[in-house]
$ cat final_19.pdb   # PDB, C-alpha atoms
ATOM      1  CA  MET A   1       2.684 -96.410 -46.206
ATOM      2  CA  LYS A   2       3.185 -92.674 -46.602
ATOM      3  CA  ASP A   3       6.618 -91.262 -47.454
ATOM      4  CA  SER A   4       6.585 -89.296 -44.224
ATOM      5  CA  GLU A   5       6.439 -92.567 -42.280
ATOM      6  CA  ASN A   6       9.671 -93.683 -43.976
ATOM      7  CA  ALA A   7      11.466 -90.406 -43.412
ATOM      8  CA  PRO A   8      14.318 -90.707 -40.920
ATOM      9  CA  ASP A   9      13.658 -89.087 -37.598
ATOM     10  CA  ALA A  10      15.877 -85.984 -37.480
ATOM     11  CA  ALA A  11      16.812 -86.441 -33.840
ATOM     12  CA  ALA A  12      17.776 -90.084 -34.411
ATOM     13  CA  LEU A  13      19.819 -89.118 -37.481
ATOM     14  CA  ILE A  14      21.658 -86.420 -35.550
ATOM     15  CA  ALA A  15      22.421 -88.924 -32.775
ATOM     16  CA  ARG A  16      23.854 -91.394 -35.288
ATOM     17  CA  ILE A  17      26.035 -88.727 -36.875
ATOM     18  CA  ASP A  18      27.241 -87.735 -33.397
ATOM     19  CA  GLN A  19      28.281 -91.341 -32.781
ATOM     20  CA  VAL A  20      30.364 -91.717 -35.936
ATOM     21  CA  HIS A  21      31.830 -88.256 -35.413
ATOM     22  CA  ALA A  22      32.828 -89.137 -31.856
ATOM     23  CA  ARG A  23      34.480 -92.371 -32.954
ATOM     24  CA  GLU A  24      36.443 -90.568 -35.676
ATOM     25  CA  GLN A  25      37.502 -87.924 -33.153
ATOM     26  CA  VAL A  26      38.899 -90.689 -30.941
ATOM     27  CA  HIS A  27      40.949 -92.004 -33.885
ATOM     28  CA  TYR A  28      42.123 -88.474 -34.607
ATOM     29  CA  THR A  29      43.457 -87.956 -31.083
ATOM     30  CA  ILE A  30      45.126 -91.365 -30.880
ATOM     31  CA  ASN A  31      47.001 -90.799 -34.139
ATOM     32  CA  ARG A  32      47.808 -87.182 -33.325
ATOM     33  CA  GLY A  33      49.408 -88.373 -30.086
ATOM     34  CA  VAL A  34      51.748 -90.710 -31.983
ATOM     35  CA  ARG A  35      52.913 -87.984 -34.366
ATOM     36  CA  ALA A  36      53.314 -85.386 -31.615
ATOM     37  CA  LEU A  37      55.483 -87.628 -29.447
ATOM     38  CA  ASP A  38      57.970 -88.415 -32.225
ATOM     39  CA  TYR A  39      57.975 -85.176 -34.168
ATOM     40  CA  GLY A  40      56.600 -82.595 -31.753
ATOM     41  CA  THR A  41      55.431 -80.252 -30.690
ATOM     42  CA  PRO A  42      55.175 -80.983 -26.956
ATOM     43  CA  ASP A  43      52.183 -78.642 -26.893
ATOM     44  CA  ASP A  44      50.416 -80.830 -29.463
ATOM     45  CA  TYR A  45      51.068 -83.885 -27.324
ATOM     46  CA  ALA A  46      49.795 -82.253 -24.136
ATOM     47  CA  ASP A  47      46.751 -81.015 -26.047
ATOM     48  CA  CYS A  48      45.725 -84.614 -26.692
ATOM     49  CA  PHE A  49      44.987 -84.873 -22.945
ATOM     50  CA  MET A  50      42.345 -83.254 -20.788
ATOM     51  CA  PRO A  51      43.772 -80.402 -18.692
ATOM     52  CA  ASP A  52      44.022 -82.811 -15.754
ATOM     53  CA  GLY A  53      44.782 -85.831 -17.937
ATOM     54  CA  LYS A  54      47.055 -88.530 -16.635
ATOM     55  CA  TYR A  55      49.771 -90.583 -18.298
ATOM     56  CA  ALA A  56      51.258 -93.671 -16.678
ATOM     57  CA  GLY A  57      53.886 -95.804 -18.331
ATOM     58  CA  THR A  58      55.218 -99.157 -17.204
ATOM     59  CA  VAL A  59      58.170-101.194 -18.443
ATOM     60  CA  PRO A  60      58.920-104.916 -18.025
ATOM     61  CA  ASP A  61      60.999-104.401 -14.858
ATOM     62  CA  GLY A  62      57.895-102.948 -13.214
ATOM     63  CA  SER A  63      59.042 -99.346 -12.911
ATOM     64  CA  LEU A  64      56.375 -96.723 -13.387
ATOM     65  CA  GLN A  65      56.489 -93.217 -14.819
ATOM     66  CA  GLN A  66      53.574 -90.826 -14.319
ATOM     67  CA  SER A  67      52.655 -87.346 -15.526
ATOM     68  CA  ARG A  68      49.475 -85.456 -14.768
ATOM     69  CA  GLY A  69      48.191 -82.147 -16.091
ATOM     70  CA  THR A  70      49.099 -80.067 -19.136
ATOM     71  CA  ASP A  71      52.435 -78.706 -17.851
ATOM     72  CA  ALA A  72      53.722 -82.093 -16.705
ATOM     73  CA  LEU A  73      52.622 -83.749 -19.974
ATOM     74  CA  ARG A  74      54.279 -81.028 -22.035
ATOM     75  CA  ARG A  75      57.507 -81.571 -20.079
ATOM     76  CA  PHE A  76      57.205 -85.323 -20.557
ATOM     77  CA  ALA A  77      56.926 -84.890 -24.342
ATOM     78  CA  ALA A  78      59.713 -82.309 -24.492
ATOM     79  CA  GLU A  79      62.109 -84.443 -22.460
ATOM     80  CA  PHE A  80      61.156 -87.691 -24.160
ATOM     81  CA  LYS A  81      64.437 -89.134 -25.338
ATOM     82  CA  TRP A  82      65.387 -92.604 -26.351
ATOM     83  CA  PRO A  83      68.868 -93.997 -26.008
ATOM     84  CA  ALA A  84      69.117 -94.314 -29.771
ATOM     85  CA  ASP A  85      69.481 -92.134 -32.826
ATOM     86  CA  LEU A  86      66.039 -93.018 -34.062
ATOM     87  CA  MET A  87      62.862 -94.265 -32.438
ATOM     88  CA  ARG A  88      59.523 -94.155 -34.181
ATOM     89  CA  HIS A  89      56.320 -95.241 -32.513
ATOM     90  CA  TRP A  90      53.462 -97.012 -34.221
ATOM     91  CA  LEU A  91      50.008 -97.993 -33.094
ATOM     92  CA  THR A  92      47.359-100.217 -34.582
ATOM     93  CA  GLY A  93      44.336-102.378 -33.860
ATOM     94  CA  SER A  94      42.521 -99.869 -31.677
ATOM     95  CA  ASP A  95      39.550-101.505 -29.964
ATOM     96  CA  ILE A  96      37.220 -98.583 -29.279
ATOM     97  CA  GLU A  97      34.226 -98.916 -26.962
ATOM     98  CA  MET A  98      32.070 -95.800 -27.106
ATOM     99  CA  LYS A  99      29.869 -94.857 -24.164
ATOM    100  CA  ALA A 100      29.785 -91.563 -22.287
ATOM    101  CA  SER A 101      33.543 -91.881 -22.461
ATOM    102  CA  ALA A 102      35.619 -93.973 -24.850
ATOM    103  CA  SER A 103      37.668 -96.939 -23.669
ATOM    104  CA  VAL A 104      40.388 -97.864 -26.120
ATOM    105  CA  THR A 105      42.984-100.605 -26.166
ATOM    106  CA  SER A 106      45.644-100.475 -28.872
ATOM    107  CA  LEU A 107      48.626-102.540 -29.838
ATOM    108  CA  LYS A 108      51.658-100.289 -29.880
ATOM    109  CA  GLY A 109      55.332-100.529 -30.533
ATOM    110  CA  ALA A 110      58.394 -98.768 -31.768
ATOM    111  CA  LEU A 111      61.008 -99.244 -34.424
ATOM    112  CA  GLY A 112      64.578 -98.252 -33.791
ATOM    113  CA  ALA A 113      67.659 -98.063 -35.928
ATOM    114  CA  SER A 114      71.267 -98.959 -35.438
ATOM    115  CA  VAL A 115      74.267 -99.563 -37.637
ATOM    116  CA  THR A 116      72.686-102.816 -38.782
ATOM    117  CA  GLY A 117      69.543-101.034 -39.937
ATOM    118  CA  PRO A 118      66.030-100.632 -38.554
ATOM    119  CA  HIS A 119      64.626-103.160 -36.111
ATOM    120  CA  LEU A 120      61.637-103.782 -33.872
ATOM    121  CA  ARG A 121      62.541-102.174 -30.564
ATOM    122  CA  MET A 122      59.506-102.453 -28.380
ATOM    123  CA  VAL A 123      55.940-103.803 -28.272
ATOM    124  CA  GLY A 124      53.182-103.207 -25.783
ATOM    125  CA  ARG A 125      49.735-101.740 -25.459
ATOM    126  CA  ASN A 126      47.989 -98.527 -24.599
ATOM    127  CA  THR A 127      44.850 -98.546 -22.489
ATOM    128  CA  ASP A 128      43.128 -95.188 -22.883
ATOM    129  CA  VAL A 129      40.065 -93.432 -21.582
ATOM    130  CA  LEU A 130      38.979 -90.429 -23.650
ATOM    131  CA  GLU A 131      36.282 -87.916 -22.858
ATOM    132  CA  PRO A 132      34.432 -85.379 -25.005
ATOM    133  CA  CYS A 133      35.482 -81.743 -24.680
ATOM    134  CA  PRO A 134      33.482 -78.555 -25.281
ATOM    135  CA  ASP A 135      35.383 -77.850 -28.531
ATOM    136  CA  GLY A 136      34.180 -81.152 -30.053
ATOM    137  CA  ARG A 137      37.530 -82.916 -29.620
ATOM    138  CA  TRP A 138      37.928 -86.057 -27.547
ATOM    139  CA  ARG A 139      40.955 -86.108 -25.276
ATOM    140  CA  PHE A 140      42.718 -88.569 -23.009
ATOM    141  CA  ALA A 141      41.501 -88.513 -19.440
ATOM    142  CA  SER A 142      44.015 -91.262 -18.783
ATOM    143  CA  ARG A 143      46.517 -93.340 -20.681
ATOM    144  CA  LEU A 144      48.258 -96.436 -19.398
ATOM    145  CA  SER A 145      51.192 -97.323 -21.605
ATOM    146  CA  GLN A 146      52.496-100.815 -20.936
ATOM    147  CA  ILE A 147      55.728-101.895 -22.572
ATOM    148  CA  ILE A 148      55.515-105.679 -22.645
ATOM    149  CA  ALA A 149      58.851-106.421 -24.287
ATOM    150  CA  ARG A 150      61.755-104.401 -25.529
ATOM    151  CA  ARG A 151      65.287-104.879 -26.570
ATOM    152  CA  GLU A 152      68.359-102.758 -26.509
ATOM    153  CA  ALA A 153      69.885-101.658 -29.775
ATOM    154  CA  PRO A 154      72.274-104.233 -31.210
ATOM    155  CA  ALA A 155      75.893-103.426 -30.524
ATOM    156  CA  ALA A 156      77.901-101.903 -33.331
ATOM    157  CA  PRO A 157      80.101-104.399 -35.166
ATOM    158  CA  LYS A 158      83.647-104.465 -33.845
ATOM    159  CA  THR A 159      86.126-102.748 -36.099
ATOM    160  CA  PRO A 160      89.488-104.429 -36.594
TER     161      PRO A 160
ATOM    162  CA  MET B   1      17.183 -75.821 -41.252
ATOM    163  CA  SER B   2      17.815 -76.205 -37.543
ATOM    164  CA  GLU B   3      21.160 -75.347 -35.955
ATOM    165  CA  ASP B   4      21.505 -78.935 -34.764
ATOM    166  CA  LEU B   5      21.090 -80.224 -38.289
ATOM    167  CA  LEU B   6      23.616 -77.744 -39.682
ATOM    168  CA  ASP B   7      26.072 -78.825 -37.002
ATOM    169  CA  SER B   8      25.481 -82.465 -37.930
ATOM    170  CA  ILE B   9      26.046 -81.764 -41.614
ATOM    171  CA  ALA B  10      29.426 -80.203 -40.771
ATOM    172  CA  LYS B  11      30.338 -83.170 -38.582
ATOM    173  CA  LEU B  12      29.356 -85.626 -41.298
ATOM    174  CA  ALA B  13      31.422 -83.742 -43.894
ATOM    175  CA  TRP B  14      34.461 -83.956 -41.595
ATOM    176  CA  VAL B  15      33.970 -87.671 -40.983
ATOM    177  CA  GLU B  16      33.565 -88.313 -44.717
ATOM    178  CA  ALA B  17      36.738 -86.379 -45.460
ATOM    179  CA  MET B  18      38.690 -88.251 -42.768
ATOM    180  CA  GLN B  19      37.509 -91.603 -44.087
ATOM    181  CA  GLN B  20      38.163 -90.749 -47.734
ATOM    182  CA  VAL B  21      41.716 -89.725 -46.842
ATOM    183  CA  GLN B  22      42.209 -93.003 -44.955
ATOM    184  CA  TYR B  23      40.750 -94.899 -47.914
ATOM    185  CA  THR B  24      43.361 -93.410 -50.225
ATOM    186  CA  LEU B  25      46.206 -93.968 -47.741
ATOM    187  CA  HIS B  26      45.402 -97.646 -47.404
ATOM    188  CA  ARG B  27      44.612 -98.103 -51.097
ATOM    189  CA  ALA B  28      48.039 -96.691 -51.934
ATOM    190  CA  THR B  29      49.712 -99.092 -49.504
ATOM    191  CA  ARG B  30      47.899-102.067 -51.007
ATOM    192  CA  ALA B  31      48.574-100.975 -54.562
ATOM    193  CA  LEU B  32      52.302-100.573 -53.936
ATOM    194  CA  GLY B  33      52.597-104.080 -52.527
ATOM    195  CA  TYR B  34      50.189-105.936 -54.758
ATOM    196  CA  GLY B  35      49.448-103.680 -57.720
ATOM    197  CA  PRO B  36      48.280-102.840 -60.193
ATOM    198  CA  PRO B  37      50.536 -99.777 -60.618
ATOM    199  CA  GLU B  38      47.623 -97.810 -62.068
ATOM    200  CA  ASP B  39      45.835 -98.023 -58.726
ATOM    201  CA  TRP B  40      48.806 -96.449 -56.976
ATOM    202  CA  ALA B  41      49.095 -93.668 -59.543
ATOM    203  CA  ASP B  42      45.336 -93.091 -59.231
ATOM    204  CA  CYS B  43      45.813 -92.258 -55.547
ATOM    205  CA  PHE B  44      47.487 -89.060 -56.770
ATOM    206  CA  THR B  45      46.000 -86.118 -58.604
ATOM    207  CA  PRO B  46      46.860 -86.098 -62.338
ATOM    208  CA  GLU B  47      49.700 -83.668 -61.670
ATOM    209  CA  GLY B  48      50.571 -85.218 -58.292
ATOM    210  CA  THR B  49      54.169 -85.400 -57.109
ATOM    211  CA  TYR B  50      56.109 -87.981 -55.132
ATOM    212  CA  LYS B  51      59.430 -87.138 -53.505
ATOM    213  CA  GLU B  52      61.449 -89.837 -51.776
ATOM    214  CA  THR B  53      64.281 -88.767 -49.524
ATOM    215  CA  ALA B  54      66.908 -90.769 -47.683
ATOM    216  CA  PRO B  55      70.194 -89.619 -46.190
ATOM    217  CA  GLU B  56      71.995 -90.511 -49.427
ATOM    218  CA  PHE B  57      69.490 -89.611 -52.170
ATOM    219  CA  VAL B  58      66.471 -87.641 -53.280
ATOM    220  CA  ASP B  59      64.172 -88.953 -56.028
ATOM    221  CA  ARG B  60      61.243 -87.159 -57.610
ATOM    222  CA  TYR B  61      58.318 -88.346 -59.730
ATOM    223  CA  SER B  62      55.339 -86.424 -61.046
ATOM    224  CA  GLY B  63      52.283 -87.078 -63.153
ATOM    225  CA  PHE B  64      50.364 -90.273 -63.743
ATOM    226  CA  ASP B  65      52.859 -91.965 -66.078
ATOM    227  CA  GLU B  66      55.931 -91.410 -63.901
ATOM    228  CA  LEU B  67      54.044 -92.467 -60.781
ATOM    229  CA  LYS B  68      52.817 -95.613 -62.487
ATOM    230  CA  ARG B  69      56.379 -96.485 -63.532
ATOM    231  CA  TYR B  70      57.601 -95.938 -59.965
ATOM    232  CA  ALA B  71      54.945 -98.321 -58.620
ATOM    233  CA  ALA B  72      55.701-100.911 -61.296
ATOM    234  CA  ASP B  73      59.439-100.829 -60.481
ATOM    235  CA  CYS B  74      59.131-100.532 -56.698
ATOM    236  CA  ASN B  75      59.455-104.203 -55.857
ATOM    237  CA  GLU B  76      61.852-105.057 -58.650
ATOM    238  CA  GLY B  77      64.642-107.166 -57.208
ATOM    239  CA  SER B  78      62.867-107.545 -53.894
ATOM    240  CA  PRO B  79      59.564-109.344 -54.464
ATOM    241  CA  ALA B  80      58.783-109.781 -50.758
ATOM    242  CA  LEU B  81      59.036-106.055 -49.971
ATOM    243  CA  ARG B  82      55.799-104.975 -48.288
ATOM    244  CA  HIS B  83      55.068-101.443 -47.104
ATOM    245  CA  TRP B  84      52.847-100.456 -44.231
ATOM    246  CA  ILE B  85      51.457 -97.243 -42.870
ATOM    247  CA  MET B  86      50.130 -96.455 -39.407
ATOM    248  CA  ALA B  87      48.786 -93.697 -37.192
ATOM    249  CA  PRO B  88      47.930 -91.129 -39.893
ATOM    250  CA  ASP B  89      47.582 -87.728 -38.240
ATOM    251  CA  ILE B  90      45.016 -86.058 -40.511
ATOM    252  CA  GLU B  91      44.293 -82.327 -40.447
ATOM    253  CA  ILE B  92      41.376 -81.372 -42.677
ATOM    254  CA  HIS B  93      41.193 -77.776 -43.930
ATOM    255  CA  GLY B  94      38.205 -77.360 -46.211
ATOM    256  CA  ASP B  95      38.965 -79.246 -49.425
ATOM    257  CA  THR B  96      42.586 -79.977 -48.512
ATOM    258  CA  ALA B  97      44.275 -82.055 -45.847
ATOM    259  CA  ARG B  98      47.778 -82.447 -44.477
ATOM    260  CA  VAL B  99      48.652 -85.906 -43.235
ATOM    261  CA  THR B 100      51.694 -87.221 -41.386
ATOM    262  CA  SER B 101      51.974 -91.004 -41.082
ATOM    263  CA  VAL B 102      54.439 -93.506 -39.715
ATOM    264  CA  MET B 103      55.587 -95.746 -42.559
ATOM    265  CA  GLY B 104      57.919 -98.632 -43.094
ATOM    266  CA  ALA B 105      58.457-101.857 -44.949
ATOM    267  CA  PHE B 106      59.226-105.473 -44.208
ATOM    268  CA  ASP B 107      61.303-107.591 -46.513
ATOM    269  CA  SER B 108      62.707-111.056 -46.725
ATOM    270  CA  THR B 109      65.860-112.049 -48.545
ATOM    271  CA  PRO B 110      68.016-115.180 -48.530
ATOM    272  CA  GLU B 111      70.828-113.183 -46.907
ATOM    273  CA  ALA B 112      68.882-111.321 -44.217
ATOM    274  CA  ASN B 113      65.776-113.482 -43.756
ATOM    275  CA  LEU B 114      62.638-111.596 -42.632
ATOM    276  CA  HIS B 115      63.548-108.090 -41.453
ATOM    277  CA  VAL B 116      62.477-104.472 -41.123
ATOM    278  CA  ALA B 117      63.669-102.966 -44.380
ATOM    279  CA  LEU B 118      62.973 -99.325 -43.700
ATOM    280  CA  VAL B 119      61.230 -96.885 -41.404
ATOM    281  CA  GLY B 120      60.260 -93.270 -41.853
ATOM    282  CA  ARG B 121      57.257 -91.089 -42.421
ATOM    283  CA  PHE B 122      54.983 -89.788 -45.138
ATOM    284  CA  ILE B 123      54.001 -86.152 -45.300
ATOM    285  CA  ASP B 124      51.042 -85.856 -47.657
ATOM    286  CA  GLU B 125      49.047 -82.970 -49.071
ATOM    287  CA  PHE B 126      45.580 -84.147 -50.087
ATOM    288  CA  VAL B 127      42.897 -82.439 -52.144
ATOM    289  CA  ARG B 128      39.268 -83.296 -52.686
ATOM    290  CA  CYS B 129      38.658 -84.231 -56.337
ATOM    291  CA  ALA B 130      35.623 -83.723 -58.532
ATOM    292  CA  ASP B 131      34.607 -87.400 -58.229
ATOM    293  CA  GLY B 132      34.441 -87.130 -54.439
ATOM    294  CA  ARG B 133      37.714 -88.989 -53.837
ATOM    295  CA  TRP B 134      40.541 -87.372 -51.928
ATOM    296  CA  ARG B 135      43.876 -87.766 -53.685
ATOM    297  CA  ILE B 136      47.475 -86.977 -52.930
ATOM    298  CA  ALA B 137      48.661 -83.766 -54.557
ATOM    299  CA  ALA B 138      52.140 -84.091 -53.040
ATOM    300  CA  ARG B 139      53.782 -86.840 -51.030
ATOM    301  CA  GLU B 140      57.163 -86.694 -49.365
ATOM    302  CA  ALA B 141      58.449 -90.076 -48.208
ATOM    303  CA  GLN B 142      61.198 -89.524 -45.680
ATOM    304  CA  ILE B 143      63.158 -92.738 -45.225
ATOM    305  CA  GLN B 144      64.892 -92.262 -41.904
ATOM    306  CA  ALA B 145      66.532 -95.652 -41.559
ATOM    307  CA  ARG B 146      66.872 -98.582 -43.880
ATOM    308  CA  ARG B 147      68.794-101.780 -44.190
ATOM    309  CA  THR B 148      71.443-101.474 -46.844
TER     310      THR B 148
END

$ encode --input "final_19.pdb" --output "C-alpha cells"
Amino acid sequence: MKDSENAPDAAALIARIDQVHAREQVHYTINRGVRALDYGTPDDYADCFMPDGKYAGTVPDGSLQQSRGTDALRRFAAEFKWPADLMRHWLTGSDIEMKASASVTSLKGALGASVTGPHLRMVGRNTDVLEPCPDGRWRFASRLSQIIARREAPAAPKTP
Amino acid sequence: MSEDLLDSIAKLAWVEAMQQVQYTLHRATRALGYGPPEDWADCFTPEGTYKETAPEFVDRYSGFDELKRYAADCNEGSPALRHWIMAPDIEIHGDTARVTSVMGAFDSTPEANLHVALVGRFIDEFVRCADGRWRIAAREAQIQARRT
C-alpha cells in the first residue's frame, strides 16, 4: 500500500477537528454561564445566549420564570438575588449530544451559607439547546432550568 | 496550506489548550485529596504561587517546596476532607489562560458527620510550559464560607 493511501483525507480531518472544537465550545459556554451568574457581569451572562435566546426556570411549586432576548437576559442576571448572603452555583455531568445543534442535560445545584456554615441549598437540572454562531462560539438558544429540590437557609441559633 | 486547514490548526490548538488546562485542574484536585504532594506541586510552575484567603486569614505559598509542604499538610487533622472543583470558566490568551472555578470541600467528622466544609472559588493564571503541559503560575483560593 502506498503512503498516500494511508494519508488522512484533509476534508475528513477538518470535519473531525470541527466536531471536537464544537464540543469544547459547548463546555466553554456552559461553564462561562455559571461564572457569569454568580460573579458577573450580566453582559457576560446574556452573551452566553443567542440574541433571541430564551431562559425558563421552574421551581418545585410549579411557578415559572422566563426571559427572552439579550436585554431581558441581562436584566435577569443583574437582578438575580438570592435570599442569602452567599449562593454559589455548580454544574456537572453534562450529557452533550452534538448534531446541527447541541442538546445538553446537566446536573446542577447551589451551595449556600448561613451561620452554621455552608450547605447544599438546591439541586436540579438544566436542559439546554445551543447553536453555532458566526464568531465560532456556541450559544444557548434555550435553557430550561428545573429546580427539583431546595431548602431554605437554616435559622440562626437563638441567642439567650 | 489552505485557509480551511489553517483555521483547523487554530481550532485544534485552542481545544488542546482547553483540555490541558482541565487536565491540570483535575490533577490538582486529585493530588490534594489523595496525594502524592509532589503531584500537586507539579501542577504549578517552579516559581508558582498559591494564595488562600478567607474572611479571617490570608496564607501564601510559593515555589515547589512550599507548595509540596502545603499539600502534605492539607488534610492533617481531617483525613476525610475532599476538595472538588466545577464549572471552570477558561479564557485562553495565547500561551496563558485565566480560569475561574467553583470550588469546595466535603468533610466528615465525629461531631458534624458528613457535611459541606467550605465553598468558594479559584482564580488561576495558567501558562504553557516547555513540556507541553499547562501549569498554574498563580492561584488564589477564595474561601467564601466554611464550617468552623

$ resolve_selection --input "final_19.pdb" --expression "the PyMOL selection byres ((chain B and resi 115) around 10)" --output "PyMOL selection string"
(chain A and resi 117-120) or (chain B and resi 81+105-109+112-114+116-118+147)

$ atom_distance --input "final_19.pdb" --atom1 "CA of Asp131 in chain B" --atom2 "CA of Leu12 in chain B"
17.8 Å

$ atom_distance --input "final_19.pdb" --atom1 "CA of Pro51 in chain A" --atom2 "CA of Asp135 in chain A"
13.2 Å

$ resolve_selection --input "final_19.pdb" --expression "the ChimeraX specification (/A :<8) & /B" --output "PDB file with C-alpha atoms, keeping the file's coordinate frame"
ATOM      1  CA  ASP B   4      21.505 -78.935 -34.764  1.00  0.00           C
ATOM      2  CA  LEU B   5      21.090 -80.224 -38.289  1.00  0.00           C
ATOM      3  CA  SER B   8      25.481 -82.465 -37.930  1.00  0.00           C
ATOM      4  CA  LYS B  11      30.338 -83.170 -38.582  1.00  0.00           C
ATOM      5  CA  LEU B  12      29.356 -85.626 -41.298  1.00  0.00           C
ATOM      6  CA  TRP B  14      34.461 -83.956 -41.595  1.00  0.00           C
ATOM      7  CA  VAL B  15      33.970 -87.671 -40.983  1.00  0.00           C
ATOM      8  CA  MET B  18      38.690 -88.251 -42.768  1.00  0.00           C
ATOM      9  CA  MET B  86      50.130 -96.455 -39.407  1.00  0.00           C
ATOM     10  CA  ALA B  87      48.786 -93.697 -37.192  1.00  0.00           C
ATOM     11  CA  PRO B  88      47.930 -91.129 -39.893  1.00  0.00           C
ATOM     12  CA  ASP B  89      47.582 -87.728 -38.240  1.00  0.00           C
ATOM     13  CA  ILE B  90      45.016 -86.058 -40.511  1.00  0.00           C
ATOM     14  CA  THR B 100      51.694 -87.221 -41.386  1.00  0.00           C
ATOM     15  CA  SER B 101      51.974 -91.004 -41.082  1.00  0.00           C
ATOM     16  CA  VAL B 102      54.439 -93.506 -39.715  1.00  0.00           C
ATOM     17  CA  HIS B 115      63.548-108.090 -41.453  1.00  0.00           C
ATOM     18  CA  VAL B 116      62.477-104.472 -41.123  1.00  0.00           C
ATOM     19  CA  ALA B 117      63.669-102.966 -44.380  1.00  0.00           C
ATOM     20  CA  LEU B 118      62.973 -99.325 -43.700  1.00  0.00           C
ATOM     21  CA  VAL B 119      61.230 -96.885 -41.404  1.00  0.00           C
ATOM     22  CA  GLY B 120      60.260 -93.270 -41.853  1.00  0.00           C
ATOM     23  CA  GLN B 144      64.892 -92.262 -41.904  1.00  0.00           C
ATOM     24  CA  ALA B 145      66.532 -95.652 -41.559  1.00  0.00           C
ATOM     25  CA  ARG B 146      66.872 -98.582 -43.880  1.00  0.00           C
ATOM     26  CA  ARG B 147      68.794-101.780 -44.190  1.00  0.00           C
ATOM     27  CA  THR B 148      71.443-101.474 -46.844  1.00  0.00           C
TER      28      THR B 148
END

$ atom_distance --input "final_19.pdb" --atom1 "CA of Lys68 in chain B" --atom2 "CA of Trp40 in chain B"
6.9 Å

$ residues_around --input "final_19.pdb" --residues "His93 in chain B" --least-positions-apart "5" --cutoff "12 Å" --atoms "only C-alpha atoms" --output "JSON, numbers by chain"
{"B": [13, 14, 17, 18, 98, 99, 125, 126, 127, 128]}

$ resolve_selection --input "final_19.pdb" --expression "the PyMOL selection byres ((chain A and resi 129) around 12)" --output "compact mmCIF listing (two decimals) with C-alpha atoms, in the coordinates of the input"
# COMPACT_ATOMS: atom_id res chain seq x y z
CA VAL A 26 38.90 -90.69 -30.94
CA THR A 29 43.46 -87.96 -31.08
CA ILE A 30 45.13 -91.36 -30.88
CA CYS A 48 45.72 -84.61 -26.69
CA PHE A 49 44.99 -84.87 -22.94
CA MET A 50 42.34 -83.25 -20.79
CA GLY A 53 44.78 -85.83 -17.94
CA LYS A 54 47.06 -88.53 -16.64
CA TYR A 55 49.77 -90.58 -18.30
CA ASP A 95 39.55 -101.50 -29.96
CA ILE A 96 37.22 -98.58 -29.28
CA GLU A 97 34.23 -98.92 -26.96
CA MET A 98 32.07 -95.80 -27.11
CA LYS A 99 29.87 -94.86 -24.16
CA ALA A 100 29.78 -91.56 -22.29
CA SER A 101 33.54 -91.88 -22.46
CA ALA A 102 35.62 -93.97 -24.85
CA SER A 103 37.67 -96.94 -23.67
CA VAL A 104 40.39 -97.86 -26.12
CA THR A 105 42.98 -100.60 -26.17
CA SER A 106 45.64 -100.48 -28.87
CA ASN A 126 47.99 -98.53 -24.60
CA THR A 127 44.85 -98.55 -22.49
CA ASP A 128 43.13 -95.19 -22.88
CA LEU A 130 38.98 -90.43 -23.65
CA GLU A 131 36.28 -87.92 -22.86
CA PRO A 132 34.43 -85.38 -25.00
CA TRP A 138 37.93 -86.06 -27.55
CA ARG A 139 40.96 -86.11 -25.28
CA PHE A 140 42.72 -88.57 -23.01
CA ALA A 141 41.50 -88.51 -19.44
CA SER A 142 44.02 -91.26 -18.78
CA ARG A 143 46.52 -93.34 -20.68
CA LEU A 144 48.26 -96.44 -19.40
CA SER A 145 51.19 -97.32 -21.60

$ residues_around --input "final_19.pdb" --residues "Arg125 in chain A" --least-positions-apart "2" --cutoff "6 Å" --atoms "all atoms listed in the file" --output "PyMOL selection string"
chain A and resi 106-108+146

$ closest_residue --input "final_19.pdb" --among "B:Asp73, B:Ala28, B:Arg133, B:Gly48" --to "Tyr61 in chain B" --atoms "only C-alpha atoms"
B:Gly48

$ residues_near_point --input "final_19.pdb" --point "(50.3, -98.6, -47.5)" --cutoff "9 Å" --atoms "only C-alpha atoms" --output "VMD selection string"
chain B and resid 25 to 33 82 to 86 103 to 104

$ closest_residue --input "final_19.pdb" --among "A:Ala149, A:Thr58, A:Ser63, A:Thr70" --to "Asp43 in chain A" --atoms "all atoms listed in the file"
A:Thr70
